[in-house]
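Listing of coords-v1.pdb; format and content: PDB, C-alpha atoms and all ligand atoms.
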ATOM      1  CA  MET A 384     -29.196  -0.435  35.954
ATOM      2  CA  HIS A 385     -27.232   2.704  36.735
ATOM      3  CA  VAL A 386     -23.740   1.499  36.150
ATOM      4  CA  SER A 387     -20.996   3.802  34.941
ATOM      5  CA  LEU A 388     -18.030   2.853  32.791
ATOM      6  CA  ARG A 389     -15.771   4.266  35.479
ATOM      7  CA  GLN A 390     -17.281   1.830  38.006
ATOM      8  CA  LEU A 391     -16.685  -1.084  35.648
ATOM      9  CA  GLN A 392     -13.108   0.046  35.120
ATOM     10  CA  ILE A 393     -12.523   0.276  38.885
ATOM     11  CA  PHE A 394     -14.180  -3.087  39.431
ATOM     12  CA  GLU A 395     -11.993  -4.686  36.748
ATOM     13  CA  ALA A 396      -8.876  -3.388  38.489
ATOM     14  CA  VAL A 397     -10.023  -4.665  41.903
ATOM     15  CA  ALA A 398     -11.083  -8.057  40.479
ATOM     16  CA  ARG A 399      -7.723  -8.439  38.730
ATOM     17  CA  SER A 400      -5.572  -7.637  41.752
ATOM     18  CA  LEU A 401      -8.091  -8.791  44.388
ATOM     19  CA  SER A 402      -7.038  -5.787  46.454
ATOM     20  CA  TYR A 403      -8.665  -2.367  46.965
ATOM     21  CA  THR A 404      -5.303  -0.875  47.825
ATOM     22  CA  ARG A 405      -3.522  -2.043  44.669
ATOM     23  CA  ALA A 406      -6.459  -1.050  42.461
ATOM     24  CA  ALA A 407      -6.435   2.406  44.086
ATOM     25  CA  GLU A 408      -2.713   2.777  43.388
ATOM     26  CA  GLU A 409      -3.106   1.694  39.792
ATOM     27  CA  LEU A 410      -5.943   4.151  39.168
ATOM     28  CA  HIS A 411      -4.459   6.988  41.228
ATOM     29  CA  LEU A 412      -7.437   7.035  43.581
ATOM     30  CA  THR A 413      -7.723   6.728  47.331
ATOM     31  CA  GLN A 414      -8.615   3.365  48.782
ATOM     32  CA  PRO A 415     -11.943   4.635  50.283
ATOM     33  CA  ALA A 416     -12.924   6.092  46.898
ATOM     34  CA  VAL A 417     -12.415   2.680  45.279
ATOM     35  CA  PHE A 418     -14.335   1.002  48.077
ATOM     36  CA  THR A 419     -17.260   3.447  47.705
ATOM     37  CA  GLN A 420     -17.466   2.889  43.931
ATOM     38  CA  ILE A 421     -17.564  -0.880  44.373
ATOM     39  CA  LYS A 422     -20.301  -0.574  47.022
ATOM     40  CA  GLN A 423     -22.341   1.616  44.655
ATOM     41  CA  LEU A 424     -21.858  -0.904  41.848
ATOM     42  CA  GLU A 425     -23.021  -3.723  44.130
ATOM     43  CA  GLU A 426     -26.086  -1.675  45.031
ATOM     44  CA  SER A 427     -26.862  -1.090  41.362
ATOM     45  CA  VAL A 428     -26.700  -4.775  40.478
ATOM     46  CA  ALA A 429     -28.323  -5.716  43.796
ATOM     47  CA  LEU A 430     -25.844  -8.535  44.460
ATOM     48  CA  PRO A 431     -22.487  -8.764  46.218
ATOM     49  CA  LEU A 432     -19.610  -8.928  43.728
ATOM     50  CA  LEU A 433     -16.740  -9.542  46.152
ATOM     51  CA  GLU A 434     -16.554 -11.389  49.431
ATOM     52  CA  ARG A 435     -13.875 -11.451  52.056
ATOM     53  CA  ILE A 436     -12.959 -14.867  53.370
ATOM     54  CA  GLY A 437     -10.308 -14.607  56.035
ATOM     55  CA  LYS A 438      -7.928 -11.946  54.757
ATOM     56  CA  ARG A 439      -8.497 -12.540  51.070
ATOM     57  CA  LEU A 440     -10.992 -11.071  48.644
ATOM     58  CA  HIS A 441     -12.836 -13.465  46.316
ATOM     59  CA  LEU A 442     -15.153 -12.882  43.374
ATOM     60  CA  THR A 443     -18.725 -14.075  43.769
ATOM     61  CA  ASP A 444     -20.526 -15.700  40.798
ATOM     62  CA  ALA A 445     -22.169 -12.342  40.107
ATOM     63  CA  GLY A 446     -18.709 -10.750  40.354
ATOM     64  CA  ARG A 447     -17.379 -13.101  37.659
ATOM     65  CA  GLU A 448     -20.289 -12.191  35.373
ATOM     66  CA  VAL A 449     -19.763  -8.469  35.886
ATOM     67  CA  LEU A 450     -16.014  -8.915  35.325
ATOM     68  CA  ALA A 451     -16.554 -10.713  31.988
ATOM     69  CA  THR A 452     -18.924  -7.989  30.767
ATOM     70  CA  SER A 453     -16.606  -5.213  32.024
ATOM     71  CA  ARG A 454     -13.725  -6.698  30.059
ATOM     72  CA  ASP A 455     -15.853  -6.962  26.921
ATOM     73  CA  MET A 456     -16.934  -3.353  27.214
ATOM     74  CA  LEU A 457     -13.506  -1.977  28.078
ATOM     75  CA  GLY A 458     -11.955  -4.015  25.236
ATOM     76  CA  GLY A 459     -14.595  -2.680  22.857
ATOM     77  CA  LEU A 460     -13.807   0.860  23.934
ATOM     78  CA  GLU A 461     -10.112   0.288  23.394
ATOM     79  CA  ARG A 462     -10.755  -1.011  19.881
ATOM     80  CA  LEU A 463     -12.994   1.963  19.201
ATOM     81  CA  GLU A 464     -10.243   4.274  20.367
ATOM     82  CA  MET A 465      -7.800   2.634  17.968
ATOM     83  CA  ARG A 466     -10.178   2.866  15.044
ATOM     84  CA  LEU A 467     -10.838   6.526  15.792
ATOM     85  CA  ALA A 468      -7.106   7.190  15.991
ATOM     86  CA  ASP A 469      -6.779   5.559  12.577
ATOM     87  CA  MET A 470      -9.490   7.802  11.194
ATOM     88  CA  GLN A 471      -7.713  10.751  12.713
ATOM     89  CA  GLY A 472      -4.661   9.459  10.857
ATOM     90  CA  LEU A 473      -6.613   9.810   7.622
ATOM     91  CA  LYS A 474      -7.475  13.390   8.419
ATOM     92  CA  LYS A 475      -3.868  14.342   8.758
ATOM     93  CA  GLY A 476      -0.752  12.487   7.838
ATOM     94  CA  LYS A 477       1.858  11.843   5.214
ATOM     95  CA  LEU A 478       1.953   9.417   2.370
ATOM     96  CA  ARG A 479       5.250   8.694   0.665
ATOM     97  CA  ILE A 480       4.947   6.851  -2.624
ATOM     98  CA  ALA A 481       7.667   5.983  -5.133
ATOM     99  CA  ILE A 482       6.784   4.733  -8.606
ATOM    100  CA  VAL A 483       8.597   3.653 -11.759
ATOM    101  CA  THR A 484       8.425   6.082 -14.651
ATOM    102  CA  THR A 485       5.803   4.166 -16.637
ATOM    103  CA  ALA A 486       3.388   4.225 -13.677
ATOM    104  CA  LYS A 487       3.370   8.026 -13.688
ATOM    105  CA  TYR A 488       0.683   7.790 -16.348
ATOM    106  CA  LEU A 489      -1.658   6.030 -13.885
ATOM    107  CA  ILE A 490      -0.763   6.587 -10.242
ATOM    108  CA  PRO A 491      -0.931  10.410 -10.028
ATOM    109  CA  ARG A 492      -4.577  10.272 -11.121
ATOM    110  CA  LEU A 493      -5.388   7.694  -8.424
ATOM    111  CA  LEU A 494      -3.397   9.702  -5.912
ATOM    112  CA  GLY A 495      -5.356  12.794  -6.942
ATOM    113  CA  GLU A 496      -8.662  11.033  -6.262
ATOM    114  CA  PHE A 497      -7.355   9.854  -2.913
ATOM    115  CA  CYS A 498      -6.150  13.320  -1.871
ATOM    116  CA  THR A 499      -9.485  14.869  -2.839
ATOM    117  CA  ARG A 500     -11.180  12.360  -0.576
ATOM    118  CA  TYR A 501      -8.764  13.017   2.313
ATOM    119  CA  PRO A 502      -7.754  16.661   1.893
ATOM    120  CA  GLY A 503      -5.592  16.753   5.051
ATOM    121  CA  ILE A 504      -3.144  14.210   3.699
ATOM    122  CA  GLU A 505       0.170  15.406   2.399
ATOM    123  CA  ALA A 506       1.381  13.172  -0.405
ATOM    124  CA  ALA A 507       4.920  13.007  -1.755
ATOM    125  CA  LEU A 508       5.430  11.160  -5.017
ATOM    126  CA  THR A 509       8.857  10.141  -6.301
ATOM    127  CA  VAL A 510       9.182   9.003  -9.912
ATOM    128  CA  THR A 511      12.300   7.029 -10.729
ATOM    129  CA  ASN A 512      13.488   3.952 -12.597
ATOM    130  CA  ARG A 513      13.342   0.369 -11.411
ATOM    131  CA  GLU A 514      16.890   0.132 -10.104
ATOM    132  CA  LYS A 515      16.653   3.270  -7.980
ATOM    133  CA  LEU A 516      13.231   2.258  -6.760
ATOM    134  CA  LEU A 517      14.532  -1.138  -5.633
ATOM    135  CA  ALA A 518      17.230   0.639  -3.619
ATOM    136  CA  ARG A 519      14.537   2.760  -1.934
ATOM    137  CA  LEU A 520      12.501  -0.352  -1.232
ATOM    138  CA  ALA A 521      15.521  -2.064   0.361
ATOM    139  CA  ASP A 522      16.090   1.005   2.557
ATOM    140  CA  ASN A 523      12.393   1.198   3.514
ATOM    141  CA  VAL A 524      12.212   4.849   2.436
ATOM    142  CA  ASP A 525       8.608   4.917   1.201
ATOM    143  CA  ASP A 526       5.209   3.822   2.471
ATOM    144  CA  LEU A 527       4.452   2.045  -0.801
ATOM    145  CA  VAL A 528       6.153   1.604  -4.155
ATOM    146  CA  VAL A 529       4.744   0.761  -7.570
ATOM    147  CA  LEU A 530       6.951  -1.201  -9.959
ATOM    148  CA  GLY A 531       6.740  -3.282 -13.106
ATOM    149  CA  ALA A 532       7.640  -6.722 -11.723
ATOM    150  CA  PRO A 533       8.125  -7.962  -8.155
ATOM    151  CA  PRO A 534      11.758  -7.667  -7.048
ATOM    152  CA  GLU A 535      13.757 -10.873  -7.307
ATOM    153  CA  HIS A 536      16.078 -10.426  -4.335
ATOM    154  CA  LEU A 537      13.965  -8.632  -1.724
ATOM    155  CA  ASP A 538      11.330 -10.084   0.585
ATOM    156  CA  VAL A 539       8.297  -7.926  -0.095
ATOM    157  CA  VAL A 540       4.528  -8.111  -0.210
ATOM    158  CA  ALA A 541       3.660  -7.376  -3.865
ATOM    159  CA  THR A 542       0.163  -7.226  -5.325
ATOM    160  CA  PRO A 543      -0.683  -6.698  -9.013
ATOM    161  CA  ILE A 544      -2.777  -3.574  -9.591
ATOM    162  CA  ALA A 545      -3.009  -3.022 -13.353
ATOM    163  CA  GLU A 546      -1.809  -4.160 -16.773
ATOM    164  CA  ASN A 547       1.335  -2.590 -18.158
ATOM    165  CA  PRO A 548       1.717  -3.882 -21.739
ATOM    166  CA  LEU A 549       4.926  -3.036 -23.601
ATOM    167  CA  VAL A 550       4.563  -2.224 -27.274
ATOM    168  CA  VAL A 551       6.878  -1.467 -30.194
ATOM    169  CA  VAL A 552       6.554   2.197 -31.118
ATOM    170  CA  ALA A 553       7.552   3.830 -34.431
ATOM    171  CA  ARG A 554       6.784   7.060 -36.242
ATOM    172  CA  HIS A 555       3.485   6.853 -38.147
ATOM    173  CA  ASP A 556       5.253   7.024 -41.546
ATOM    174  CA  HIS A 557       7.677   4.189 -40.717
ATOM    175  CA  PRO A 558       7.829   1.537 -43.506
ATOM    176  CA  LEU A 559       6.559  -1.105 -41.060
ATOM    177  CA  ALA A 560       3.667   1.042 -39.845
ATOM    178  CA  ASP A 561       0.920  -0.682 -41.860
ATOM    179  CA  LYS A 562       2.433  -4.163 -41.912
ATOM    180  CA  LYS A 563       0.659  -6.987 -40.065
ATOM    181  CA  LYS A 564       2.323  -9.663 -37.937
ATOM    182  CA  ILE A 565       5.848  -8.345 -38.334
ATOM    183  CA  PRO A 566       8.320 -11.093 -37.308
ATOM    184  CA  LEU A 567      10.518 -10.110 -34.362
ATOM    185  CA  LYS A 568      13.709 -10.774 -36.317
ATOM    186  CA  ARG A 569      12.684  -8.117 -38.806
ATOM    187  CA  LEU A 570      13.367  -5.584 -36.031
ATOM    188  CA  ALA A 571      17.020  -6.611 -35.829
ATOM    189  CA  THR A 572      17.870  -4.258 -38.683
ATOM    190  CA  GLU A 573      16.028  -1.261 -37.190
ATOM    191  CA  SER A 574      17.670   1.495 -35.154
ATOM    192  CA  PHE A 575      16.602   1.221 -31.551
ATOM    193  CA  ILE A 576      16.263   3.861 -28.880
ATOM    194  CA  LEU A 577      16.500   2.225 -25.473
ATOM    195  CA  ARG A 578      15.892   3.443 -21.957
ATOM    196  CA  GLU A 579      18.890   3.818 -19.619
ATOM    197  CA  PRO A 580      20.387   0.761 -17.843
ATOM    198  CA  GLY A 581      18.418   0.200 -14.603
ATOM    199  CA  SER A 582      15.090   0.725 -16.352
ATOM    200  CA  GLY A 583      12.531  -2.073 -15.970
ATOM    201  CA  THR A 584      11.207  -1.396 -19.462
ATOM    202  CA  ARG A 585      14.694  -1.862 -20.857
ATOM    203  CA  LEU A 586      15.265  -5.020 -18.821
ATOM    204  CA  ALA A 587      12.030  -6.619 -20.067
ATOM    205  CA  THR A 588      12.830  -5.607 -23.668
ATOM    206  CA  GLU A 589      16.374  -6.966 -23.547
ATOM    207  CA  ARG A 590      15.199 -10.233 -21.998
ATOM    208  CA  HIS A 591      12.603 -10.697 -24.701
ATOM    209  CA  PHE A 592      15.098 -10.099 -27.499
ATOM    210  CA  GLU A 593      17.640 -12.334 -25.825
ATOM    211  CA  GLN A 594      15.130 -15.194 -25.520
ATOM    212  CA  HIS A 595      14.645 -14.966 -29.272
ATOM    213  CA  GLY A 596      18.331 -14.681 -30.047
ATOM    214  CA  ILE A 597      18.090 -11.147 -31.396
ATOM    215  CA  VAL A 598      20.505  -8.330 -30.691
ATOM    216  CA  PRO A 599      18.893  -4.922 -31.275
ATOM    217  CA  ARG A 600      20.955  -2.227 -32.996
ATOM    218  CA  VAL A 601      21.003   0.412 -30.298
ATOM    219  CA  ARG A 602      21.343   3.868 -31.735
ATOM    220  CA  MET A 603      20.688   5.822 -28.585
ATOM    221  CA  GLU A 604      19.974   5.516 -24.859
ATOM    222  CA  LEU A 605      17.639   8.002 -23.219
ATOM    223  CA  GLY A 606      16.628   8.308 -19.569
ATOM    224  CA  SER A 607      12.963   9.150 -20.059
ATOM    225  CA  ASN A 608       9.941   7.780 -21.888
ATOM    226  CA  GLU A 609       8.963  11.249 -23.059
ATOM    227  CA  ALA A 610      12.437  11.917 -24.468
ATOM    228  CA  ILE A 611      12.262   8.600 -26.330
ATOM    229  CA  LYS A 612       8.908   9.567 -27.831
ATOM    230  CA  GLN A 613      10.412  12.830 -29.043
ATOM    231  CA  ALA A 614      13.359  10.953 -30.549
ATOM    232  CA  ILE A 615      11.018   8.542 -32.373
ATOM    233  CA  ALA A 616       8.998  11.494 -33.653
ATOM    234  CA  GLY A 617      12.283  13.049 -34.788
ATOM    235  CA  GLY A 618      12.975   9.961 -36.920
ATOM    236  CA  LEU A 619      15.836   8.578 -34.847
ATOM    237  CA  GLY A 620      14.486   5.045 -34.556
ATOM    238  CA  ILE A 621      11.943   2.800 -32.874
ATOM    239  CA  SER A 622      11.558   1.690 -29.274
ATOM    240  CA  VAL A 623       9.689  -0.555 -26.864
ATOM    241  CA  LEU A 624       7.628   1.429 -24.389
ATOM    242  CA  SER A 625       4.757   0.925 -21.988
ATOM    243  CA  SER A 626       1.538   1.518 -23.942
ATOM    244  CA  HIS A 627       0.537   3.898 -21.140
ATOM    245  CA  THR A 628       3.228   6.328 -22.240
ATOM    246  CA  LEU A 629       1.123   6.896 -25.388
ATOM    247  CA  ALA A 630      -2.170   7.290 -23.568
ATOM    248  CA  LEU A 631      -2.360  11.075 -23.670
ATOM    249  CA  ASP A 632      -1.141  11.455 -27.275
ATOM    250  CA  GLY A 633      -4.412  10.617 -29.022
ATOM    251  CA  GLU A 634      -4.916   8.817 -32.342
ATOM    252  CA  ARG A 635      -3.506  11.576 -34.489
ATOM    253  CA  GLY A 636      -0.155  11.827 -32.735
ATOM    254  CA  PRO A 637       3.089  11.253 -34.664
ATOM    255  CA  LEU A 638       3.635   7.806 -33.091
ATOM    256  CA  GLN A 639       2.220   4.417 -33.925
ATOM    257  CA  VAL A 640       2.279   0.969 -32.358
ATOM    258  CA  LEU A 641       3.743  -1.705 -34.654
ATOM    259  CA  ASP A 642       2.023  -5.078 -34.986
ATOM    260  CA  VAL A 643       4.998  -7.260 -34.019
ATOM    261  CA  VAL A 644       4.551 -10.990 -33.338
ATOM    262  CA  GLY A 645       4.842 -11.692 -29.586
ATOM    263  CA  PHE A 646       3.870  -8.116 -28.663
ATOM    264  CA  PRO A 647       2.525  -6.571 -26.524
ATOM    265  CA  LEU A 648       4.733  -8.022 -23.804
ATOM    266  CA  ARG A 649       2.315  -8.708 -20.984
ATOM    267  CA  ARG A 650       3.456  -7.030 -17.804
ATOM    268  CA  GLN A 651       1.718  -5.735 -14.736
ATOM    269  CA  TRP A 652       2.366  -3.073 -12.178
ATOM    270  CA  TYR A 653       2.696  -4.194  -8.610
ATOM    271  CA  VAL A 654       2.241  -2.222  -5.454
ATOM    272  CA  ALA A 655       4.791  -3.404  -2.913
ATOM    273  CA  TYR A 656       6.272  -2.840   0.540
ATOM    274  CA  PRO A 657       8.866  -4.718   2.614
ATOM    275  CA  ARG A 658       7.384  -7.797   4.298
ATOM    276  CA  GLY A 659       6.843  -7.113   8.001
ATOM    277  CA  LYS A 660       6.490  -3.351   7.526
ATOM    278  CA  ASN A 661       3.787  -1.754   9.670
ATOM    279  CA  LEU A 662       1.743   0.261   7.210
ATOM    280  CA  SER A 663       0.367   3.571   8.479
ATOM    281  CA  ALA A 664      -3.397   4.084   8.400
ATOM    282  CA  VAL A 665      -2.902   6.413   5.428
ATOM    283  CA  ALA A 666      -0.830   3.839   3.524
ATOM    284  CA  GLU A 667      -3.410   1.124   4.224
ATOM    285  CA  ALA A 668      -6.158   3.374   2.904
ATOM    286  CA  PHE A 669      -4.206   4.198  -0.255
ATOM    287  CA  LEU A 670      -3.443   0.526  -0.802
ATOM    288  CA  ALA A 671      -7.154  -0.233  -0.600
ATOM    289  CA  HIS A 672      -7.743   2.575  -3.090
ATOM    290  CA  LEU A 673      -5.286   0.968  -5.522
ATOM    291  CA  LEU A 674      -6.635  -2.553  -5.292
ATOM    292  CA  PRO A 675      -9.708  -2.736  -7.510
ATOM    293  CA  SER A 676     -11.150  -5.700  -5.619
ATOM    294  CA  LEU A 677     -11.188  -3.689  -2.396
ATOM    295  CA  ARG A 678     -12.571  -0.529  -3.914
TER     296      ARG A 678
HETATM  297  P1  LIG B 701      11.152   1.848 -15.663
HETATM  298  O1  LIG B 701       9.854   1.192 -15.105
HETATM  299  O2  LIG B 701      11.352   1.432 -17.072
HETATM  300  O3  LIG B 701      10.920   3.318 -15.492
HETATM  301  O4  LIG B 701      12.244   1.330 -14.732
HETATM  302  C1  LIG B 701       9.021   0.388 -15.763
HETATM  303  C2  LIG B 701       8.919  -0.979 -15.199
HETATM  304  O5  LIG B 701       9.702  -1.413 -14.335
HETATM  305  O6  LIG B 701       7.979  -1.609 -15.673
END

Turn this file's structure into C-alpha cells for me.
Amino acid sequence: MHVSLRQLQIFEAVARSLSYTRAAEELHLTQPAVFTQIKQLEESVALPLLERIGKRLHLTDAGREVLATSRDMLGGLERLEMRLADMQGLKKGKLRIAIVTTAKYLIPRLLGEFCTRYPGIEAALTVTNREKLLARLADNVDDLVVLGAPPEHLDVVATPIAENPLVVVARHDHPLADKKKIPLKRLATESFILREPGSGTRLATERHFEQHGIVPRVRMELGSNEAIKQAIAGGLGISVLSSHTLALDGERGPLQVLDVVGFPLRRQWYVAYPRGKNLSAVAEAFLAHLLPSLR
C-alpha cells in the first residue's frame, strides 16, 4: 500500500469535518488539492472511503477503518514528538535545586553524576537552612528541594530519598568519649553549641530534648555545621549534627560520636515540590536519579 502520512492527515481532516472545503481551509491547501489526495488514497486502498448522498459526505465502512488507523498513527506521532521534545529538554535546560545544609554532603555528588550524564544542563544549587528553604518552597522558586522532614503547613509531594541520622558529637578527648550508653540527662550539664533558629537540625534536637524534659545549656549558636565542628574541635562544647557532616573527616579527625541512649535520631531527607507543580523534563529526570527505586 502506498499511503503517505500526509494523505492520512488530510483524510482525517476531511472525515472530521465531512467537507473538502473546510479541510482545505484547516490545512491551508486548495480544495482540488485535498480532493486529489483523497482520490489517490482511495486508489491505494482500492475502496471508496467517502460517498456523497444528496449534498452530504458520508464515511464508508472502509473510510471508518482508515480513519481509526489514521488517528492511531497521528496520535502516535504526536506522542513521539512530545517525547523527543522532552529528550531535547534533557540536552539543554536549567535545573534549580535548593537543599538544607546537611544535604550538601550528599546532593552535590548526585548532581555531579547527573550533570556528567547530561552535559548541556545548567544546574543551580542553593544551600540554606530549613526555614529559608520552606519560604522558597512556598514561593515555588525551585524545581525541587531537599529537606530533613516534610513541611507541616504546605501541600507538597515529598518522597524520602536517604537516611539522615543525627548524632551527638564531641571532641575525641571529651570525658564521655569512651563511655557506653550515656543517659540523655547526663548531657544536661554539658555546654552545647546549637545551630541557628530556623535550622531543621536544631528543631529536631530541641524537640528531642523537650520530649525528655531536658534543657540543654546553650553556650553558643552558629549558623553552619562546619563552624560548629570547628568550635567542638576548639573545645567549646558538644553538639547534635547530621552524621553526614562528619563523613569527609575520616576516623582520625578531632571529633567523635558519643554513644548516647536514644541516638542517633532517625531522620530522612525528602525531595519535595509543591503539589500540582508541572515538573520540567529535567526536573523529572533528576527526581528519578534521586529515587533509588527508579534508578
Ligand atoms: P538544616 O537542615 O539544619 O540546615 O535546616 C537539616 C534538616 O532540616 O534536616

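One finds CA of Phe497 in chain A at 19.4 Å from CA of Leu530 in chain A.
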
Discussion item. Can you spell out as an NGL selection string the set of residues that the PyMOL selection byres (((chain A and resi 473-484) around 6) and not hetatm) selects in the structure I just provided?
Written reply: :A and (470-472 or 485-487 or 503-513 or 525-530 or 665)

* Do you know which residues are at most 7 Å from Leu605 in chain A counting only C-alpha atoms, after dropping those on the same chain fewer than 3 positions away, and could you put them as a PyMOL selection string? -> chain A and resi 577-579+610-611

Residue by residue, what does the PyMOL selection byres (((chain A and resi 393) around 9) and not hetatm) grab here? Present the result as a list in words.
Leu388, Arg389, Gln390, Leu391, Gln392, Phe394, Glu395, Ala396, Val397, Ala398, Ala406, Ala407, Leu410, Val417, Gln420 and Ile421 of chain A

List as a PyMOL selection string the protein and nucleic acid residues near Asn523 in chain A, meaning an atom at most 9 Å away when all atoms listed in the file are counted, but skip any in the same chain fewer than 4 places from it.
chain A and resi 518-519+656-657+660

- Task: Please evaluate the PyMOL selection byres (((chain A and resi 553) around 10) and not hetatm) against the structure above and give the resulting residues as number ranges by chain.
- Result: A: 550-552, 554-560, 575, 612, 614-616, 618-623, 637-641

- Kindly provide, as a PyMOL selection string, the polymer residues lying within 7 Å of (-19.2, -4.7, 48.0), counting only C-alpha atoms and using the coordinates exactly as they appear in the file. chain A and resi 421-422+425+431-433
